Every structure is written in structure tokens, then in C-alpha cells.
$ cat coords_15.cif   # mmCIF, N, CA and C atoms
data_my_file
#
loop_
_atom_site.group_PDB
_atom_site.id
_atom_site.type_symbol
_atom_site.label_atom_id
_atom_site.label_comp_id
_atom_site.auth_asym_id
_atom_site.auth_seq_id
_atom_site.Cartn_x
_atom_site.Cartn_y
_atom_site.Cartn_z
ATOM 1 N N MET A 12 -46.242 33.720 56.694
ATOM 2 C CA MET A 12 -46.298 32.278 56.860
ATOM 3 C C MET A 12 -45.874 31.624 55.549
ATOM 4 N N SER A 13 -45.257 30.485 55.682
ATOM 5 C CA SER A 13 -44.793 29.741 54.523
ATOM 6 C C SER A 13 -44.938 28.251 54.814
ATOM 7 N N PHE A 14 -45.253 27.508 53.791
ATOM 8 C CA PHE A 14 -45.335 26.062 53.924
ATOM 9 C C PHE A 14 -44.986 25.455 52.578
ATOM 10 N N ALA A 15 -44.697 24.159 52.582
ATOM 11 C CA ALA A 15 -44.230 23.515 51.351
ATOM 12 C C ALA A 15 -44.886 22.152 51.180
ATOM 13 N N PHE A 16 -44.946 21.744 49.912
ATOM 14 C CA PHE A 16 -45.482 20.441 49.560
ATOM 15 C C PHE A 16 -44.510 19.736 48.635
ATOM 16 N N GLN A 17 -44.302 18.461 48.886
ATOM 17 C CA GLN A 17 -43.576 17.597 47.968
ATOM 18 C C GLN A 17 -44.616 17.094 46.971
ATOM 19 N N VAL A 18 -44.376 17.327 45.687
ATOM 20 C CA VAL A 18 -45.317 16.893 44.653
ATOM 21 C C VAL A 18 -44.525 16.020 43.675
ATOM 22 N N SER A 19 -44.414 14.751 44.020
ATOM 23 C CA SER A 19 -43.557 13.827 43.271
ATOM 24 C C SER A 19 -43.984 13.654 41.826
ATOM 25 N N ASP A 20 -45.285 13.820 41.551
ATOM 26 C CA ASP A 20 -45.759 13.634 40.183
ATOM 27 C C ASP A 20 -45.745 14.927 39.358
ATOM 28 N N MET A 21 -45.092 15.964 39.858
ATOM 29 C CA MET A 21 -44.863 17.201 39.106
ATOM 30 C C MET A 21 -43.545 17.013 38.363
ATOM 31 N N THR A 22 -43.618 16.905 37.034
ATOM 32 C CA THR A 22 -42.433 16.499 36.289
ATOM 33 C C THR A 22 -41.977 17.464 35.199
ATOM 34 N N CYS A 23 -42.775 18.496 34.894
ATOM 35 C CA CYS A 23 -42.410 19.353 33.764
ATOM 36 C C CYS A 23 -42.942 20.768 33.950
ATOM 37 N N GLY A 24 -42.591 21.616 33.017
ATOM 38 C CA GLY A 24 -43.044 23.006 33.077
ATOM 39 C C GLY A 24 -44.552 23.145 33.017
ATOM 40 N N HIS A 25 -45.206 22.253 32.281
ATOM 41 C CA HIS A 25 -46.668 22.295 32.225
ATOM 42 C C HIS A 25 -47.260 22.015 33.609
ATOM 43 N N CYS A 26 -46.679 21.066 34.318
ATOM 44 C CA CYS A 26 -47.126 20.762 35.681
ATOM 45 C C CYS A 26 -46.980 21.996 36.575
ATOM 46 N N VAL A 27 -45.843 22.661 36.469
ATOM 47 C CA VAL A 27 -45.582 23.854 37.271
ATOM 48 C C VAL A 27 -46.642 24.912 36.985
ATOM 49 N N LYS A 28 -46.937 25.146 35.717
ATOM 50 C CA LYS A 28 -47.924 26.153 35.327
ATOM 51 C C LYS A 28 -49.310 25.774 35.851
ATOM 52 N N THR A 29 -49.666 24.514 35.735
ATOM 53 C CA THR A 29 -50.973 24.048 36.191
ATOM 54 C C THR A 29 -51.121 24.213 37.699
ATOM 55 N N ILE A 30 -50.120 23.793 38.443
ATOM 56 C CA ILE A 30 -50.175 23.891 39.903
ATOM 57 C C ILE A 30 -50.184 25.350 40.350
ATOM 58 N N THR A 31 -49.314 26.163 39.759
ATOM 59 C CA THR A 31 -49.258 27.578 40.119
ATOM 60 C C THR A 31 -50.605 28.251 39.854
ATOM 61 N N GLY A 32 -51.181 27.980 38.703
ATOM 62 C CA GLY A 32 -52.477 28.559 38.365
ATOM 63 C C GLY A 32 -53.578 28.117 39.306
ATOM 64 N N ALA A 33 -53.587 26.840 39.654
ATOM 65 C CA ALA A 33 -54.609 26.312 40.555
ATOM 66 C C ALA A 33 -54.517 26.951 41.936
ATOM 67 N N VAL A 34 -53.292 27.076 42.433
ATOM 68 C CA VAL A 34 -53.095 27.686 43.754
ATOM 69 C C VAL A 34 -53.493 29.158 43.719
ATOM 70 N N ASN A 35 -53.079 29.880 42.691
ATOM 71 C CA ASN A 35 -53.408 31.302 42.597
ATOM 72 C C ASN A 35 -54.897 31.541 42.423
ATOM 73 N N GLN A 36 -55.591 30.618 41.778
ATOM 74 C CA GLN A 36 -57.037 30.762 41.638
ATOM 75 C C GLN A 36 -57.728 30.508 42.974
ATOM 76 N N ALA A 37 -57.263 29.523 43.721
ATOM 77 C CA ALA A 37 -57.882 29.176 45.003
ATOM 78 C C ALA A 37 -57.568 30.201 46.089
ATOM 79 N N VAL A 38 -56.327 30.701 46.080
ATOM 80 C CA VAL A 38 -55.872 31.656 47.098
ATOM 81 C C VAL A 38 -55.098 32.763 46.376
ATOM 82 N N PRO A 39 -55.798 33.808 45.916
ATOM 83 C CA PRO A 39 -55.141 34.843 45.113
ATOM 84 C C PRO A 39 -53.955 35.535 45.789
ATOM 85 N N SER A 40 -53.931 35.559 47.100
ATOM 86 C CA SER A 40 -52.831 36.225 47.805
ATOM 87 C C SER A 40 -51.574 35.357 47.896
ATOM 88 N N ALA A 41 -51.667 34.097 47.512
ATOM 89 C CA ALA A 41 -50.551 33.167 47.638
ATOM 90 C C ALA A 41 -49.443 33.498 46.641
ATOM 91 N N VAL A 42 -48.219 33.357 47.108
ATOM 92 C CA VAL A 42 -47.040 33.477 46.258
ATOM 93 C C VAL A 42 -46.442 32.076 46.162
ATOM 94 N N VAL A 43 -46.356 31.572 44.933
ATOM 95 C CA VAL A 43 -45.929 30.193 44.706
ATOM 96 C C VAL A 43 -44.521 30.176 44.138
ATOM 97 N N ALA A 44 -43.644 29.378 44.763
ATOM 98 C CA ALA A 44 -42.286 29.159 44.250
ATOM 99 C C ALA A 44 -42.126 27.657 44.043
ATOM 100 N N VAL A 45 -41.604 27.285 42.879
ATOM 101 C CA VAL A 45 -41.478 25.866 42.541
ATOM 102 C C VAL A 45 -40.022 25.519 42.276
ATOM 103 N N ASP A 46 -39.578 24.434 42.890
ATOM 104 C CA ASP A 46 -38.271 23.839 42.604
ATOM 105 C C ASP A 46 -38.571 22.521 41.901
ATOM 106 N N LEU A 47 -38.608 22.562 40.565
ATOM 107 C CA LEU A 47 -39.015 21.383 39.793
ATOM 108 C C LEU A 47 -38.094 20.180 40.014
ATOM 109 N N PRO A 48 -36.751 20.341 39.968
ATOM 110 C CA PRO A 48 -35.900 19.159 40.185
ATOM 111 C C PRO A 48 -36.129 18.489 41.539
ATOM 112 N N ALA A 49 -36.492 19.286 42.554
ATOM 113 C CA ALA A 49 -36.746 18.729 43.884
ATOM 114 C C ALA A 49 -38.213 18.349 44.090
ATOM 115 N N HIS A 50 -39.063 18.665 43.090
ATOM 116 C CA HIS A 50 -40.504 18.403 43.177
ATOM 117 C C HIS A 50 -41.117 19.104 44.395
ATOM 118 N N LEU A 51 -40.694 20.341 44.636
ATOM 119 C CA LEU A 51 -41.107 21.068 45.825
ATOM 120 C C LEU A 51 -41.865 22.329 45.446
ATOM 121 N N VAL A 52 -43.036 22.512 46.060
ATOM 122 C CA VAL A 52 -43.843 23.709 45.883
ATOM 123 C C VAL A 52 -43.881 24.422 47.228
ATOM 124 N N THR A 53 -43.372 25.657 47.262
ATOM 125 C CA THR A 53 -43.374 26.459 48.483
ATOM 126 C C THR A 53 -44.351 27.607 48.292
ATOM 127 N N VAL A 54 -45.183 27.832 49.303
ATOM 128 C CA VAL A 54 -46.214 28.862 49.222
ATOM 129 C C VAL A 54 -46.052 29.818 50.386
ATOM 130 N N THR A 55 -46.064 31.119 50.085
ATOM 131 C CA THR A 55 -46.021 32.157 51.102
ATOM 132 C C THR A 55 -47.185 33.109 50.864
ATOM 133 N N GLY A 56 -47.433 33.972 51.833
ATOM 134 C CA GLY A 56 -48.462 34.990 51.679
ATOM 135 C C GLY A 56 -49.852 34.548 52.090
ATOM 136 N N THR A 57 -49.975 33.356 52.648
ATOM 137 C CA THR A 57 -51.274 32.864 53.106
ATOM 138 C C THR A 57 -51.047 31.833 54.208
ATOM 139 N N ASP A 58 -52.088 31.644 55.020
ATOM 140 C CA ASP A 58 -52.031 30.594 56.036
ATOM 141 C C ASP A 58 -53.028 29.475 55.707
ATOM 142 N N GLN A 59 -53.520 29.455 54.479
ATOM 143 C CA GLN A 59 -54.550 28.496 54.073
ATOM 144 C C GLN A 59 -53.939 27.241 53.431
ATOM 145 N N ALA A 60 -53.132 26.542 54.201
ATOM 146 C CA ALA A 60 -52.441 25.358 53.685
ATOM 147 C C ALA A 60 -53.414 24.296 53.194
ATOM 148 N N ASP A 61 -54.510 24.093 53.913
ATOM 149 C CA ASP A 61 -55.478 23.079 53.509
ATOM 150 C C ASP A 61 -56.107 23.425 52.163
ATOM 151 N N LYS A 62 -56.408 24.702 51.964
ATOM 152 C CA LYS A 62 -57.006 25.145 50.704
ATOM 153 C C LYS A 62 -56.009 24.996 49.551
ATOM 154 N N VAL A 63 -54.750 25.311 49.813
ATOM 155 C CA VAL A 63 -53.705 25.155 48.798
ATOM 156 C C VAL A 63 -53.538 23.673 48.453
ATOM 157 N N GLU A 64 -53.483 22.831 49.464
ATOM 158 C CA GLU A 64 -53.341 21.399 49.222
ATOM 159 C C GLU A 64 -54.507 20.867 48.394
ATOM 160 N N ALA A 65 -55.716 21.298 48.713
ATOM 161 C CA ALA A 65 -56.899 20.866 47.962
ATOM 162 C C ALA A 65 -56.817 21.337 46.508
ATOM 163 N N ALA A 66 -56.334 22.545 46.285
ATOM 164 C CA ALA A 66 -56.211 23.067 44.922
ATOM 165 C C ALA A 66 -55.225 22.238 44.106
ATOM 166 N N ILE A 67 -54.119 21.843 44.736
ATOM 167 C CA ILE A 67 -53.126 21.018 44.034
ATOM 168 C C ILE A 67 -53.726 19.646 43.716
ATOM 169 N N ARG A 68 -54.451 19.066 44.668
ATOM 170 C CA ARG A 68 -55.100 17.764 44.435
ATOM 171 C C ARG A 68 -56.147 17.873 43.327
ATOM 172 N N ASP A 69 -56.947 18.934 43.369
ATOM 173 C CA ASP A 69 -57.992 19.125 42.358
ATOM 174 C C ASP A 69 -57.393 19.299 40.967
ATOM 175 N N ALA A 70 -56.140 19.777 40.907
ATOM 176 C CA ALA A 70 -55.456 19.935 39.620
ATOM 177 C C ALA A 70 -54.903 18.597 39.114
ATOM 178 N N GLY A 71 -55.016 17.548 39.941
ATOM 179 C CA GLY A 71 -54.617 16.216 39.495
ATOM 180 C C GLY A 71 -53.284 15.730 40.029
ATOM 181 N N TYR A 72 -52.778 16.363 41.070
ATOM 182 C CA TYR A 72 -51.476 15.989 41.614
ATOM 183 C C TYR A 72 -51.631 15.496 43.056
ATOM 184 N N GLU A 73 -50.584 14.867 43.562
ATOM 185 C CA GLU A 73 -50.593 14.284 44.910
ATOM 186 C C GLU A 73 -49.589 14.994 45.809
ATOM 187 N N PRO A 74 -49.996 16.098 46.444
ATOM 188 C CA PRO A 74 -49.082 16.822 47.324
ATOM 189 C C PRO A 74 -48.945 16.146 48.695
ATOM 190 N N ALA A 75 -47.755 16.254 49.256
ATOM 191 C CA ALA A 75 -47.502 15.796 50.627
ATOM 192 C C ALA A 75 -46.854 16.958 51.365
ATOM 193 N N ARG A 76 -47.460 17.372 52.451
ATOM 194 C CA ARG A 76 -46.927 18.508 53.209
ATOM 195 C C ARG A 76 -45.591 18.147 53.821
ATOM 196 N N VAL A 77 -44.630 19.061 53.701
ATOM 197 C CA VAL A 77 -43.305 18.833 54.302
ATOM 198 C C VAL A 77 -42.996 19.935 55.292
#
$ encode --input "coords_15.cif" --output "C-alpha cells"
Amino acid sequence: MSFAFQVSDMTCGHCVKTITGAVNQAVPSAVVAVDLPAHLVTVTGTDQADKVEAAIRDAGYEPARV
């Protein structure tokens, strides 16, 4: 399973590291791929989209499922 989030307020490498770490801590089986110029976070290896979204929000970002 795979799903993606548009994270418009993800603007730099630090943001990528923070989001990736938050998702991996919340769902260790998740594989996170980030397209920074497109502000897109794609997650595979889990079906826990709600948990991933909550982890991104808790890290201080505003994800929108796409």
C-alpha cells in the first residue's frame, strides 16, 4: 500500500529530516520518500495513513492527503 501527502510548509532539508523521523518513529515499518520541490511525502510499507498523518501534524506541519 502507498499513499501521499502534500506538505506545503515543508521547505528545506531540515523539514524532510523532521518529517521522515516522525513518521518512522510512529510507524517503524513505513518507507518514506520525499519530493521536496513538489512538497510531496509518499509513504509505503504500511496502511496506517491516519497514524502517519498525525505524526506529520505532531511534528508541526500541515499535511493534506492526495
$ atom_distance --input "coords_15.cif" --atom1 "atom N of Gly71 in chain A" --atom2 "atom N of Met12 in chain A"
24.9 Å
$ atom_distance --input "coords_15.cif" --atom1 "atom C of Arg68 in chain A" --atom2 "CA of Ile30 in chain A"
9.1 Å
$ atom_distance --input "coords_15.cif" --atom1 "atom C of Asp61 in chain A" --atom2 "CA of Ala33 in chain A"
12.1 Å
$ select_by_dssp --input "coords_15.cif" --residues "chain A" --states "helix (DSSP H, G or I)" --output "VMD selection string"
chain A and resid 24 to 37 60 to 69
$ closest_residue --input "coords_15.cif" --among "A:Val77, A:Cys26, A:Ala37, A:Val45" --to "Ala65 in chain A" --atoms "only C-alpha atoms"
A:Ala37
$ resolve_selection --input "coords_15.cif" --expression "the PyMOL selection byres (((chain A and resi 14 and name CA) around 12) and name CA)" --output "list in words"
Met12, Ser13, Ala15, Phe16, Gln17, Ala41, Val42, Val43, Ala44, Leu51, Val52, Thr53, Val54, Thr55, Gly56, Thr57, Asp58, Gln59, Ala60, Asp61, Val63, Glu64, Pro74, Ala75, Arg76 and Val77 of chain A
$ select_by_dssp --input "coords_15.cif" --residues "chain A" --states "strand (DSSP E)" --output "PyMOL selection string"
chain A and resi 13-18+42-46+51-55+74-76
$ write_last_selection --input "coords_15.cif" --atoms "N, CA and C atoms" --output "PDB file, in the coordinates of the input"
ATOM      1  N   SER A  13     -45.257  30.485  55.682  1.00  0.00           N
ATOM      2  CA  SER A  13     -44.793  29.741  54.523  1.00  0.00           C
ATOM      3  C   SER A  13     -44.938  28.251  54.814  1.00  0.00           C
ATOM      4  N   PHE A  14     -45.253  27.508  53.791  1.00  0.00           N
ATOM      5  CA  PHE A  14     -45.335  26.062  53.924  1.00  0.00           C
ATOM      6  C   PHE A  14     -44.986  25.455  52.578  1.00  0.00           C
ATOM      7  N   ALA A  15     -44.697  24.159  52.582  1.00  0.00           N
ATOM      8  CA  ALA A  15     -44.230  23.515  51.351  1.00  0.00           C
ATOM      9  C   ALA A  15     -44.886  22.152  51.180  1.00  0.00           C
ATOM     10  N   PHE A  16     -44.946  21.744  49.912  1.00  0.00           N
ATOM     11  CA  PHE A  16     -45.482  20.441  49.560  1.00  0.00           C
ATOM     12  C   PHE A  16     -44.510  19.736  48.635  1.00  0.00           C
ATOM     13  N   GLN A  17     -44.302  18.461  48.886  1.00  0.00           N
ATOM     14  CA  GLN A  17     -43.576  17.597  47.968  1.00  0.00           C
ATOM     15  C   GLN A  17     -44.616  17.094  46.971  1.00  0.00           C
ATOM     16  N   VAL A  18     -44.376  17.327  45.687  1.00  0.00           N
ATOM     17  CA  VAL A  18     -45.317  16.893  44.653  1.00  0.00           C
ATOM     18  C   VAL A  18     -44.525  16.020  43.675  1.00  0.00           C
ATOM     19  N   VAL A  42     -48.219  33.357  47.108  1.00  0.00           N
ATOM     20  CA  VAL A  42     -47.040  33.477  46.258  1.00  0.00           C
ATOM     21  C   VAL A  42     -46.442  32.076  46.162  1.00  0.00           C
ATOM     22  N   VAL A  43     -46.356  31.572  44.933  1.00  0.00           N
ATOM     23  CA  VAL A  43     -45.929  30.193  44.706  1.00  0.00           C
ATOM     24  C   VAL A  43     -44.521  30.176  44.138  1.00  0.00           C
ATOM     25  N   ALA A  44     -43.644  29.378  44.763  1.00  0.00           N
ATOM     26  CA  ALA A  44     -42.286  29.159  44.250  1.00  0.00           C
ATOM     27  C   ALA A  44     -42.126  27.657  44.043  1.00  0.00           C
ATOM     28  N   VAL A  45     -41.604  27.285  42.879  1.00  0.00           N
ATOM     29  CA  VAL A  45     -41.478  25.866  42.541  1.00  0.00           C
ATOM     30  C   VAL A  45     -40.022  25.519  42.276  1.00  0.00           C
ATOM     31  N   ASP A  46     -39.578  24.434  42.890  1.00  0.00           N
ATOM     32  CA  ASP A  46     -38.271  23.839  42.604  1.00  0.00           C
ATOM     33  C   ASP A  46     -38.571  22.521  41.901  1.00  0.00           C
ATOM     34  N   LEU A  51     -40.694  20.341  44.636  1.00  0.00           N
ATOM     35  CA  LEU A  51     -41.107  21.068  45.825  1.00  0.00           C
ATOM     36  C   LEU A  51     -41.865  22.329  45.446  1.00  0.00           C
ATOM     37  N   VAL A  52     -43.036  22.512  46.060  1.00  0.00           N
ATOM     38  CA  VAL A  52     -43.843  23.709  45.883  1.00  0.00           C
ATOM     39  C   VAL A  52     -43.881  24.422  47.228  1.00  0.00           C
ATOM     40  N   THR A  53     -43.372  25.657  47.262  1.00  0.00           N
ATOM     41  CA  THR A  53     -43.374  26.459  48.483  1.00  0.00           C
ATOM     42  C   THR A  53     -44.351  27.607  48.292  1.00  0.00           C
ATOM     43  N   VAL A  54     -45.183  27.832  49.303  1.00  0.00           N
ATOM     44  CA  VAL A  54     -46.214  28.862  49.222  1.00  0.00           C
ATOM     45  C   VAL A  54     -46.052  29.818  50.386  1.00  0.00           C
ATOM     46  N   THR A  55     -46.064  31.119  50.085  1.00  0.00           N
ATOM     47  CA  THR A  55     -46.021  32.157  51.102  1.00  0.00           C
ATOM     48  C   THR A  55     -47.185  33.109  50.864  1.00  0.00           C
ATOM     49  N   PRO A  74     -49.996  16.098  46.444  1.00  0.00           N
ATOM     50  CA  PRO A  74     -49.082  16.822  47.324  1.00  0.00           C
ATOM     51  C   PRO A  74     -48.945  16.146  48.695  1.00  0.00           C
ATOM     52  N   ALA A  75     -47.755  16.254  49.256  1.00  0.00           N
ATOM     53  CA  ALA A  75     -47.502  15.796  50.627  1.00  0.00           C
ATOM     54  C   ALA A  75     -46.854  16.958  51.365  1.00  0.00           C
ATOM     55  N   ARG A  76     -47.460  17.372  52.451  1.00  0.00           N
ATOM     56  CA  ARG A  76     -46.927  18.508  53.209  1.00  0.00           C
ATOM     57  C   ARG A  76     -45.591  18.147  53.821  1.00  0.00           C
TER      58      ARG A  76
END
$ residues_around --input "coords_15.cif" --residues "Glu73 in chain A" --least-positions-apart "3" --cutoff "7 Å" --atoms "all atoms listed in the file" --output "PyMOL selection string"
chain A and resi 17-21+67-68
$ decode --input "coords_15.cif" --residues "range 50-62 of chain A" --atoms "all heavy atoms" --output "mmCIF file, in the first residue's frame"
data_model
loop_
_atom_site.group_PDB
_atom_site.id
_atom_site.type_symbol
_atom_site.label_atom_id
_atom_site.label_comp_id
_atom_site.auth_asym_id
_atom_site.auth_seq_id
_atom_site.Cartn_x
_atom_site.Cartn_y
_atom_site.Cartn_z
ATOM 1 N N HIS A 50 6.866 19.316 -2.654
ATOM 2 C CA HIS A 50 6.277 19.292 -1.310
ATOM 3 C C HIS A 50 5.434 18.029 -1.102
ATOM 4 O O HIS A 50 4.358 18.090 -0.518
ATOM 5 C CB HIS A 50 5.425 20.544 -1.046
ATOM 6 C CG HIS A 50 6.173 21.810 -1.233
ATOM 7 N ND1 HIS A 50 7.031 22.317 -0.283
ATOM 8 C CD2 HIS A 50 6.233 22.673 -2.272
ATOM 9 C CE1 HIS A 50 7.559 23.442 -0.732
ATOM 10 N NE2 HIS A 50 7.098 23.680 -1.944
ATOM 11 N N LEU A 51 5.945 16.896 -1.577
ATOM 12 C CA LEU A 51 5.193 15.653 -1.549
ATOM 13 C C LEU A 51 5.912 14.610 -0.709
ATOM 14 O O LEU A 51 7.107 14.372 -0.894
ATOM 15 C CB LEU A 51 5.012 15.130 -2.979
ATOM 16 C CG LEU A 51 4.047 13.984 -3.174
ATOM 17 C CD1 LEU A 51 2.616 14.431 -2.869
ATOM 18 C CD2 LEU A 51 4.133 13.458 -4.601
ATOM 19 N N VAL A 52 5.171 13.996 0.215
ATOM 20 C CA VAL A 52 5.677 12.909 1.039
ATOM 21 C C VAL A 52 4.890 11.661 0.661
ATOM 22 O O VAL A 52 3.671 11.624 0.802
ATOM 23 C CB VAL A 52 5.493 13.208 2.540
ATOM 24 C CG1 VAL A 52 5.959 12.029 3.390
ATOM 25 C CG2 VAL A 52 6.236 14.477 2.931
ATOM 26 N N THR A 53 5.595 10.639 0.168
ATOM 27 C CA THR A 53 4.964 9.375 -0.205
ATOM 28 C C THR A 53 5.412 8.313 0.784
ATOM 29 O O THR A 53 6.598 8.204 1.094
ATOM 30 C CB THR A 53 5.361 8.968 -1.640
ATOM 31 O OG1 THR A 53 4.998 10.031 -2.523
ATOM 32 C CG2 THR A 53 4.651 7.701 -2.059
ATOM 33 N N VAL A 54 4.453 7.529 1.264
ATOM 34 C CA VAL A 54 4.738 6.513 2.272
ATOM 35 C C VAL A 54 4.273 5.164 1.760
ATOM 36 O O VAL A 54 3.148 5.024 1.270
ATOM 37 C CB VAL A 54 4.030 6.859 3.605
ATOM 38 C CG1 VAL A 54 4.304 5.794 4.656
ATOM 39 C CG2 VAL A 54 4.472 8.228 4.095
ATOM 40 N N THR A 55 5.148 4.161 1.866
ATOM 41 C CA THR A 55 4.813 2.791 1.513
ATOM 42 C C THR A 55 5.155 1.894 2.695
ATOM 43 O O THR A 55 5.825 2.306 3.638
ATOM 44 C CB THR A 55 5.589 2.321 0.266
ATOM 45 O OG1 THR A 55 6.987 2.462 0.511
ATOM 46 C CG2 THR A 55 5.213 3.121 -0.961
ATOM 47 N N GLY A 56 4.697 0.657 2.633
ATOM 48 C CA GLY A 56 5.038 -0.316 3.661
ATOM 49 C C GLY A 56 4.105 -0.323 4.856
ATOM 50 O O GLY A 56 4.352 -1.025 5.833
ATOM 51 N N THR A 57 3.032 0.448 4.799
ATOM 52 C CA THR A 57 2.061 0.477 5.892
ATOM 53 C C THR A 57 0.707 0.907 5.335
ATOM 54 O O THR A 57 0.637 1.545 4.292
ATOM 55 C CB THR A 57 2.493 1.441 7.014
ATOM 56 O OG1 THR A 57 1.517 1.388 8.059
ATOM 57 C CG2 THR A 57 2.636 2.857 6.511
ATOM 58 N N ASP A 58 -0.342 0.546 6.074
ATOM 59 C CA ASP A 58 -1.680 1.008 5.705
ATOM 60 C C ASP A 58 -2.216 1.992 6.753
ATOM 61 O O ASP A 58 -3.391 2.317 6.765
ATOM 62 C CB ASP A 58 -2.632 -0.171 5.538
ATOM 63 C CG ASP A 58 -2.803 -0.972 6.819
ATOM 64 O OD1 ASP A 58 -2.114 -0.687 7.819
ATOM 65 O OD2 ASP A 58 -3.637 -1.904 6.820
ATOM 66 N N GLN A 59 -1.335 2.501 7.600
ATOM 67 C CA GLN A 59 -1.739 3.375 8.704
ATOM 68 C C GLN A 59 -1.644 4.860 8.319
ATOM 69 O O GLN A 59 -0.935 5.639 8.946
ATOM 70 C CB GLN A 59 -0.871 3.082 9.919
ATOM 71 C CG GLN A 59 -1.020 1.657 10.420
ATOM 72 C CD GLN A 59 -0.181 1.411 11.650
ATOM 73 O OE1 GLN A 59 -0.360 2.090 12.653
ATOM 74 N NE2 GLN A 59 0.732 0.462 11.568
ATOM 75 N N ALA A 60 -2.404 5.238 7.312
ATOM 76 C CA ALA A 60 -2.358 6.613 6.812
ATOM 77 C C ALA A 60 -2.725 7.626 7.887
ATOM 78 O O ALA A 60 -2.106 8.686 7.984
ATOM 79 C CB ALA A 60 -3.284 6.764 5.607
ATOM 80 N N ASP A 61 -3.719 7.312 8.708
ATOM 81 C CA ASP A 61 -4.133 8.243 9.752
ATOM 82 C C ASP A 61 -3.016 8.465 10.766
ATOM 83 O O ASP A 61 -2.791 9.586 11.228
ATOM 84 C CB ASP A 61 -5.391 7.741 10.463
ATOM 85 C CG ASP A 61 -6.625 7.783 9.575
ATOM 86 O OD1 ASP A 61 -6.606 8.514 8.563
ATOM 87 O OD2 ASP A 61 -7.602 7.082 9.887
ATOM 88 N N LYS A 62 -2.315 7.393 11.116
ATOM 89 C CA LYS A 62 -1.214 7.496 12.074
ATOM 90 C C LYS A 62 -0.055 8.303 11.481
ATOM 91 O O LYS A 62 0.572 9.109 12.173
ATOM 92 C CB LYS A 62 -0.755 6.099 12.490
ATOM 93 C CG LYS A 62 0.114 6.079 13.706
ATOM 94 C CD LYS A 62 0.295 4.665 14.224
ATOM 95 C CE LYS A 62 1.077 4.666 15.513
ATOM 96 N NZ LYS A 62 1.256 3.328 16.054
#
